[in-house]
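*Asks:* The structure under discussion is supplied below as structure tokens; questions concerning it will follow.
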Amino acid sequence: MDDYSRERVPGDKTYSGIHIGMIIVGGVIGIPGFLQAAKVGGSLGLEKAAIAFLAGCFILGSLGALTSYAGTRTRYSTYMLTGFAFGRSGGKIVNFIIALTLVGWYGVIINVFASAADLVVQSVYGPGIPVWAYIVAGSCLMTGVTLSGFKGIDKLALCLVPVMLVFLSYAAWLSWDDIPSWNRGSPGAQPLSYSTAISSVVGGYIVGVVIQPDYSRFAKNVRHAMWAVFIALWVVQALVFFLAAIPSVATGVSNLIRIMVMLGIGVPAFFLLLLSSWCSNVLCLYSSGLSMSTIFMRARLWQIILAIGVAGTALAFVYSDDYLIPFLVLLGVTVPPIASIYVLDVVLIRRQEDGLDMAAAKSGINVNAFIAWGIAVLVGYLAEAERFSISGIASLDSILTATVIYYGMTVLPARGRV
């Protein structure tokens, strides 16, 4: 199984937009999103939180539609596109950083899954198996599906996404009558401004937007891909966040899985936890495998995925909030500008079909792309530290900066020579 990791997806191996959208929805239904929704809902109240969810998810949906366009038009993965924009050697540097981000998230999700699963099982059945056993078993499930490639991920999403939405809706329905107020947050919740709330929504899935071509390259056409991703990231993701926020606002507890145990639905809580972690981590593992395949050219994709699965499992055993989370926050500012650079490269520079052949990619490093990326990361970091901001959203600031600088350094001079 190589899943076209280093070549274009053939036209007869494509899927409808429904399949692409379901895969994306499976990725956004997860523990990090539940915690994020609870934080925003508890701070703003459900009425204002709904507006923040819609605004943040609209930004994600719009950006996701653009990266989907690049993936569908070229039929290449994210990591092949970075080879166009940053040069073949430069692309390997960029891809390694993206892979680090995804492996980090894999370790975080599997660790949180294991701890929460242990909590649920003990609450329902009493003392259960050790936490490490959940880590190993969960990682085996996730790695097994990922080894089957896009086809396996597609089948997983089609089966599990409807079930997860039912569980989420059921928990929200049980909590509905206990909502104290629609326009007030939970007592003691950390206050958030609209800007901060929207920023947290965007930052929570911005890396997923960057790697969107990994899945959109399998879409039948550009229209299918762009609409599927836009609806999945705007409408469905906002709905998922709203449903996840309802039990938290009603109970004042931020942990959705704990709330479901309190509501007497511990078994659905366990399956929601398992299925959501499964879907999210399969995407992390698959995309990190694709990124590493551009670096280790002699290895097969299944070998790379297996190795990353082992590394991510090991990371879950040493997971620490003190070190890993700040590192991931930094990467959350570092990775987003990559998307704006490769989208500009595909849309405005390589408009002709011959420009999309890998032979047209520079063999070394595209200095302009790295300059734009470096300045964008600096601006994003200043926004994250609340020293300077263009939009109030750190990841969006870095994207806007990279777009303007790369356009000014590469696109405008090229047009001036025409």
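To be explicit about the labels: the chains of the structure tokens are called A, B, and onward in the order shown, and within each one the residues are counted from 1, while ligands get numbers from 1 in the order they are shown.
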I'd like a table as a Markdown table: residues in stretch 227-294 of chain A with an atom no more than 10 Å from stretch 100-122 of chain A, each row giving the shortest atom pair and its distance in Å to one decimal, only C-alpha atoms counted, sorted by chain and rising residue number.

*Replies:*
| residue | atom | partner | partner_atom | distance |
| --- | --- | --- | --- | --- |
| A:Asn255 | CA | A:Ala116 | CA | 9.4 |
| A:Ile257 | CA | A:Ala116 | CA | 7.3 |
| A:Arg258 | CA | A:Val120 | CA | 7.4 |
| A:Met260 | CA | A:Val120 | CA | 9.2 |
| A:Val261 | CA | A:Val120 | CA | 6.8 |
| A:Ile265 | CA | A:Val120 | CA | 9.8 |
| A:Gly266 | CA | A:Val120 | CA | 6.2 |
| A:Val267 | CA | A:Val120 | CA | 7.9 |
| A:Pro268 | CA | A:Val120 | CA | 9.9 |
| A:Ala269 | CA | A:Val120 | CA | 7.3 |
| A:Phe270 | CA | A:Ala117 | CA | 6.2 |
| A:Phe271 | CA | A:Ala117 | CA | 9.1 |
| A:Leu273 | CA | A:Phe113 | CA | 6.6 |
| A:Leu274 | CA | A:Phe113 | CA | 7.1 |
| A:Ser276 | CA | A:Phe113 | CA | 9.2 |
| A:Ser277 | CA | A:Ile109 | CA | 6.5 |
| A:Trp278 | CA | A:Ile110 | CA | 8.8 |
| A:Ser280 | CA | A:Ile109 | CA | 8.1 |
| A:Asn281 | CA | A:Tyr106 | CA | 5.6 |
| A:Val282 | CA | A:Tyr106 | CA | 8.6 |
| A:Leu283 | CA | A:Leu102 | CA | 8.8 |
| A:Cys284 | CA | A:Leu102 | CA | 5.2 |
| A:Leu285 | CA | A:Val103 | CA | 7.0 |
| A:Tyr286 | CA | A:Leu102 | CA | 9.3 |
| A:Ser287 | CA | A:Leu102 | CA | 7.5 |
| A:Ser288 | CA | A:Leu102 | CA | 5.8 |
| A:Gly289 | CA | A:Val103 | CA | 9.5 |
| A:Ser291 | CA | A:Leu100 | CA | 9.7 |
| A:Met292 | CA | A:Leu100 | CA | 9.8 |

*Asks:* Which residues are near stretch 150-166 of chain A? Cut-off 6 Å, only C-alpha atoms, ignore same chain within fewer than 3 positions. Put them as a PyMOL selection string.

*Replies:* chain A and resi 22-23+26+145+169+272

*Asks:* Give me the residues within 9 Å of A:Leu35 as a PyMOL selection string, counting only C-alpha atoms and dropping any in the same chain fewer than 2 places off.

*Replies:* chain A and resi 30-33+37-40+244-245+254-256

*Asks:* A:Asp12: which residues within 12 Å, counting only C-alpha atoms, same-chain residues fewer than 6 positions away excluded, as an MDAnalysis selection string?

*Replies:* chainID A and resid 75 218:221

*Asks:* Write the residues you've just listed into a file as a short mmCIF file (atom, residue, chain, number, x, y, z; two decimals), in the first residue's frame, and include all heavy atoms for each of them.

*Replies:*
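Contents of part-v5.cif, as written:
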data_model
loop_
_atom_site.label_atom_id
_atom_site.label_comp_id
_atom_site.auth_asym_id
_atom_site.auth_seq_id
_atom_site.Cartn_x
_atom_site.Cartn_y
_atom_site.Cartn_z
N ARG A 75 -3.95 16.92 -7.63
CA ARG A 75 -4.00 15.50 -7.24
C ARG A 75 -2.76 15.07 -6.45
O ARG A 75 -2.47 13.89 -6.34
CB ARG A 75 -4.16 14.59 -8.46
CG ARG A 75 -5.39 14.86 -9.28
CD ARG A 75 -6.58 14.15 -8.74
NE ARG A 75 -7.78 14.37 -9.56
CZ ARG A 75 -8.99 14.47 -9.05
NH1 ARG A 75 -9.16 14.37 -7.74
NH2 ARG A 75 -10.04 14.64 -9.81
N PHE A 218 -8.31 13.11 -3.51
CA PHE A 218 -9.13 11.97 -3.94
C PHE A 218 -10.54 12.39 -4.38
O PHE A 218 -11.34 11.53 -4.73
CB PHE A 218 -9.27 10.97 -2.79
CG PHE A 218 -8.02 10.15 -2.54
CD1 PHE A 218 -7.10 10.54 -1.59
CD2 PHE A 218 -7.78 8.99 -3.26
CE1 PHE A 218 -5.95 9.79 -1.35
CE2 PHE A 218 -6.63 8.23 -3.02
CZ PHE A 218 -5.71 8.63 -2.08
N ALA A 219 -10.85 13.70 -4.34
CA ALA A 219 -12.19 14.16 -4.72
C ALA A 219 -12.38 14.10 -6.23
O ALA A 219 -11.42 14.25 -7.00
CB ALA A 219 -12.42 15.58 -4.22
N LYS A 220 -13.62 13.88 -6.67
CA LYS A 220 -13.91 13.77 -8.10
C LYS A 220 -13.54 15.03 -8.86
O LYS A 220 -13.02 14.97 -9.98
CB LYS A 220 -15.40 13.47 -8.30
CG LYS A 220 -15.77 12.01 -8.03
CD LYS A 220 -17.20 11.74 -8.43
CE LYS A 220 -17.57 10.28 -8.19
NZ LYS A 220 -16.76 9.36 -9.03
N ASN A 221 -13.85 16.19 -8.29
CA ASN A 221 -13.51 17.44 -8.95
C ASN A 221 -13.40 18.55 -7.91
O ASN A 221 -13.67 18.35 -6.72
CB ASN A 221 -14.56 17.81 -10.02
CG ASN A 221 -15.98 17.81 -9.47
OD1 ASN A 221 -16.26 18.44 -8.46
ND2 ASN A 221 -16.88 17.09 -10.14
#

*Asks:* Which polymer residues have any atom within 12 Å of an atom of A:Ser193, counting only C-alpha atoms, with same-chain residues fewer than 5 positions away left out, as an mmCIF file with N, CA and C atoms, in the first residue's frame?

*Replies:*
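Result file follows (part-v4.cif):
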data_model
loop_
_atom_site.group_PDB
_atom_site.id
_atom_site.type_symbol
_atom_site.label_atom_id
_atom_site.label_comp_id
_atom_site.auth_asym_id
_atom_site.auth_seq_id
_atom_site.Cartn_x
_atom_site.Cartn_y
_atom_site.Cartn_z
ATOM 1 N N LYS A 39 -14.866 25.139 27.039
ATOM 2 C CA LYS A 39 -14.215 26.361 27.514
ATOM 3 C C LYS A 39 -14.910 27.603 26.963
ATOM 4 N N VAL A 40 -15.194 27.602 25.674
ATOM 5 C CA VAL A 40 -15.847 28.755 25.050
ATOM 6 C C VAL A 40 -17.284 28.892 25.536
ATOM 7 N N GLY A 41 -18.027 27.783 25.600
ATOM 8 C CA GLY A 41 -19.410 27.828 26.067
ATOM 9 C C GLY A 41 -19.512 28.254 27.518
ATOM 10 N N SER A 43 -17.490 30.131 29.142
ATOM 11 C CA SER A 43 -17.093 31.527 29.305
ATOM 12 C C SER A 43 -18.123 32.502 28.739
ATOM 13 N N LEU A 44 -18.612 32.232 27.528
ATOM 14 C CA LEU A 44 -19.489 33.188 26.846
ATOM 15 C C LEU A 44 -20.972 32.923 27.037
ATOM 16 N N GLY A 45 -21.339 31.692 27.407
ATOM 17 C CA GLY A 45 -22.739 31.314 27.382
ATOM 18 C C GLY A 45 -23.069 30.781 25.998
ATOM 19 N N LYS A 48 -23.737 33.448 22.827
ATOM 20 C CA LYS A 48 -22.552 34.083 22.259
ATOM 21 C C LYS A 48 -21.554 33.046 21.750
ATOM 22 N N ALA A 49 -21.507 31.893 22.416
ATOM 23 C CA ALA A 49 -20.598 30.836 21.972
ATOM 24 C C ALA A 49 -20.970 30.356 20.576
ATOM 25 N N ALA A 52 -19.460 32.646 18.137
ATOM 26 C CA ALA A 52 -18.013 32.417 18.053
ATOM 27 C C ALA A 52 -17.703 31.145 17.272
ATOM 28 N N ILE A 198 -12.811 33.066 19.158
ATOM 29 C CA ILE A 198 -12.716 32.735 17.740
ATOM 30 C C ILE A 198 -11.316 32.228 17.404
ATOM 31 N N SER A 199 -10.309 32.879 18.009
ATOM 32 C CA SER A 199 -8.927 32.453 17.780
ATOM 33 C C SER A 199 -8.701 31.018 18.232
ATOM 34 N N SER A 200 -9.298 30.642 19.350
ATOM 35 C CA SER A 200 -9.121 29.277 19.854
ATOM 36 C C SER A 200 -9.784 28.258 18.925
ATOM 37 N N GLY A 392 -6.197 39.718 15.513
ATOM 38 C CA GLY A 392 -6.571 39.214 16.830
ATOM 39 C C GLY A 392 -6.495 37.707 16.921
ATOM 40 N N ILE A 393 -6.167 37.037 15.825
ATOM 41 C CA ILE A 393 -6.039 35.583 15.777
ATOM 42 C C ILE A 393 -4.635 35.253 15.289
#

*Asks:* Between A:Ile308, A:Leu301, A:Met409, A:Ala394, which has the minimum distance to A:Ile349 (counting only C-alpha atoms)?

*Replies:*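 Smallest separation from A:Ile349 among the options: A:Met409.
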
*Asks:* Can you pull out the residues contacting A:Arg6? Cut-off 8 Å, using only C-alpha atoms, and skip same-chain residues under 2 positions away; I want them as a PDB file with all heavy atoms, in the first residue's frame.

*Replies:*
ATOM      1  N   TYR A   4      -0.433   6.387  -3.491  1.00  0.00           N
ATOM      2  CA  TYR A   4      -0.055   7.537  -4.301  1.00  0.00           C
ATOM      3  C   TYR A   4       0.616   8.631  -3.472  1.00  0.00           C
ATOM      4  O   TYR A   4       0.340   9.813  -3.641  1.00  0.00           O
ATOM      5  CB  TYR A   4      -1.286   8.101  -5.022  1.00  0.00           C
ATOM      6  CG  TYR A   4      -2.116   7.030  -5.691  1.00  0.00           C
ATOM      7  CD1 TYR A   4      -3.326   6.609  -5.132  1.00  0.00           C
ATOM      8  CD2 TYR A   4      -1.682   6.407  -6.848  1.00  0.00           C
ATOM      9  CE1 TYR A   4      -4.064   5.591  -5.718  1.00  0.00           C
ATOM     10  CE2 TYR A   4      -2.423   5.392  -7.446  1.00  0.00           C
ATOM     11  CZ  TYR A   4      -3.605   4.990  -6.872  1.00  0.00           C
ATOM     12  OH  TYR A   4      -4.329   3.989  -7.451  1.00  0.00           O
ATOM     13  N   ARG A   8       0.520  11.530  -8.481  1.00  0.00           N
ATOM     14  CA  ARG A   8      -0.852  11.998  -8.568  1.00  0.00           C
ATOM     15  C   ARG A   8      -1.840  10.857  -8.396  1.00  0.00           C
ATOM     16  O   ARG A   8      -1.582   9.729  -8.817  1.00  0.00           O
ATOM     17  CB  ARG A   8      -1.101  12.665  -9.916  1.00  0.00           C
ATOM     18  CG  ARG A   8      -0.483  14.037 -10.049  1.00  0.00           C
ATOM     19  CD  ARG A   8      -0.695  14.572 -11.439  1.00  0.00           C
ATOM     20  NE  ARG A   8      -0.344  15.985 -11.524  1.00  0.00           N
ATOM     21  CZ  ARG A   8      -0.253  16.648 -12.661  1.00  0.00           C
ATOM     22  NH1 ARG A   8      -0.486  16.026 -13.804  1.00  0.00           N
ATOM     23  NH2 ARG A   8       0.066  17.919 -12.659  1.00  0.00           N
ATOM     24  N   TYR A  76      -2.050  16.048  -5.881  1.00  0.00           N
ATOM     25  CA  TYR A  76      -0.879  15.743  -5.070  1.00  0.00           C
ATOM     26  C   TYR A  76      -1.207  15.936  -3.583  1.00  0.00           C
ATOM     27  O   TYR A  76      -2.092  16.712  -3.220  1.00  0.00           O
ATOM     28  CB  TYR A  76       0.279  16.671  -5.413  1.00  0.00           C
ATOM     29  CG  TYR A  76       1.023  16.337  -6.685  1.00  0.00           C
ATOM     30  CD1 TYR A  76       1.165  17.295  -7.693  1.00  0.00           C
ATOM     31  CD2 TYR A  76       1.602  15.086  -6.874  1.00  0.00           C
ATOM     32  CE1 TYR A  76       1.860  17.002  -8.861  1.00  0.00           C
ATOM     33  CE2 TYR A  76       2.299  14.792  -8.042  1.00  0.00           C
ATOM     34  CZ  TYR A  76       2.422  15.750  -9.027  1.00  0.00           C
ATOM     35  OH  TYR A  76       3.114  15.464 -10.171  1.00  0.00           O
ATOM     36  N   SER A  77      -0.435  15.262  -2.724  1.00  0.00           N
ATOM     37  CA  SER A  77      -0.575  15.453  -1.277  1.00  0.00           C
ATOM     38  C   SER A  77       0.018  16.801  -0.867  1.00  0.00           C
ATOM     39  O   SER A  77       0.723  17.465  -1.649  1.00  0.00           O
ATOM     40  CB  SER A  77       0.141  14.331  -0.515  1.00  0.00           C
ATOM     41  OG  SER A  77       1.546  14.462  -0.654  1.00  0.00           O
ATOM     42  N   MET A  80       3.878  16.984  -1.342  1.00  0.00           N
ATOM     43  CA  MET A  80       4.365  17.185  -2.697  1.00  0.00           C
ATOM     44  C   MET A  80       4.176  18.653  -3.092  1.00  0.00           C
ATOM     45  O   MET A  80       5.026  19.234  -3.773  1.00  0.00           O
ATOM     46  CB  MET A  80       3.630  16.272  -3.669  1.00  0.00           C
ATOM     47  CG  MET A  80       3.800  14.781  -3.384  1.00  0.00           C
ATOM     48  SD  MET A  80       5.511  14.226  -3.489  1.00  0.00           S
ATOM     49  CE  MET A  80       5.721  14.193  -5.266  1.00  0.00           C
ATOM     50  N   SER A 293       7.123  10.309   3.819  1.00  0.00           N
ATOM     51  CA  SER A 293       7.415   9.562   2.597  1.00  0.00           C
ATOM     52  C   SER A 293       8.194  10.405   1.590  1.00  0.00           C
ATOM     53  O   SER A 293       8.852   9.864   0.696  1.00  0.00           O
ATOM     54  CB  SER A 293       6.111   9.054   1.957  1.00  0.00           C
ATOM     55  OG  SER A 293       5.369  10.129   1.398  1.00  0.00           O
ATOM     56  N   THR A 294       8.108  11.746   1.713  1.00  0.00           N
ATOM     57  CA  THR A 294       8.883  12.612   0.825  1.00  0.00           C
ATOM     58  C   THR A 294      10.321  12.773   1.307  1.00  0.00           C
ATOM     59  O   THR A 294      11.163  13.304   0.578  1.00  0.00           O
ATOM     60  CB  THR A 294       8.236  14.010   0.728  1.00  0.00           C
ATOM     61  OG1 THR A 294       8.267  14.638   2.014  1.00  0.00           O
ATOM     62  CG2 THR A 294       6.798  13.910   0.262  1.00  0.00           C
TER      63      THR A 294
END

*Asks:* Using DSSP secondary structure from the backbone, list all alpha helix (DSSP H) positions within stretch 105-225 of chain A, as an MDAnalysis selection string.

*Replies:* chainID A and resid 105:125 131:146 149:175 194:210 213:216 222:225

*Asks:* Ranking A:Val202, A:Ile135, A:Pro336, A:Ile29 by minimum distance to A:Val318 and counting only C-alpha atoms, which one comes first?

*Replies:*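 Comparing A:Val202, A:Ile135, A:Pro336, A:Ile29 against A:Val318, the winner is A:Ile135.
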
*Asks:* Could you work out how far atom CA of A:Trp176 lies from atom CA of A:Phe34, giving the answer in Å with one decimal?

*Replies:*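 The value is 16.8 Å.
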
*Asks:* Which distance in Å separates atom CA of A:Ser181 and atom CA of A:Gln36, to one decimal?

*Replies:* 19.6 Å

*Asks:* I'd like to know which of A:Arg88, A:Tyr407, A:Ala50, A:Ala65 is closest to A:Phe230, using only C-alpha atoms.

*Replies:*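 Nearest to A:Phe230: A:Ala65.
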
*Asks:* Excluding A:Val377 and any residue of its chain fewer than 6 positions from it, enumerate the residues within 8 Å of it, using only C-alpha atoms, and give them as a list in words.

*Replies:*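 Counting only C-alpha atoms, the residues come to Val333, Thr334, Pro337 and Ser398 of chain A.
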
*Asks:* When distances are computed from only C-alpha atoms, which of A:Val25, A:Ala171, A:Ile93, A:Val411 shows the smallest separation from A:Leu348?

*Replies:* A:Val411

*Asks:* Between A:Ala307, A:Ala225, A:Arg217, A:Thr146, which residue has the minimum interatomic distance to A:Pro10, considering only C-alpha atoms?

*Replies:*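 Using only C-alpha atoms, A:Pro10 sits closest to A:Arg217.
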
*Asks:* Just checking: using only C-alpha atoms, which residue out of A:Ser363, A:Thr401, A:Phe53, A:Trp302 ends up closest to A:Ile375?

*Replies:* A:Thr401
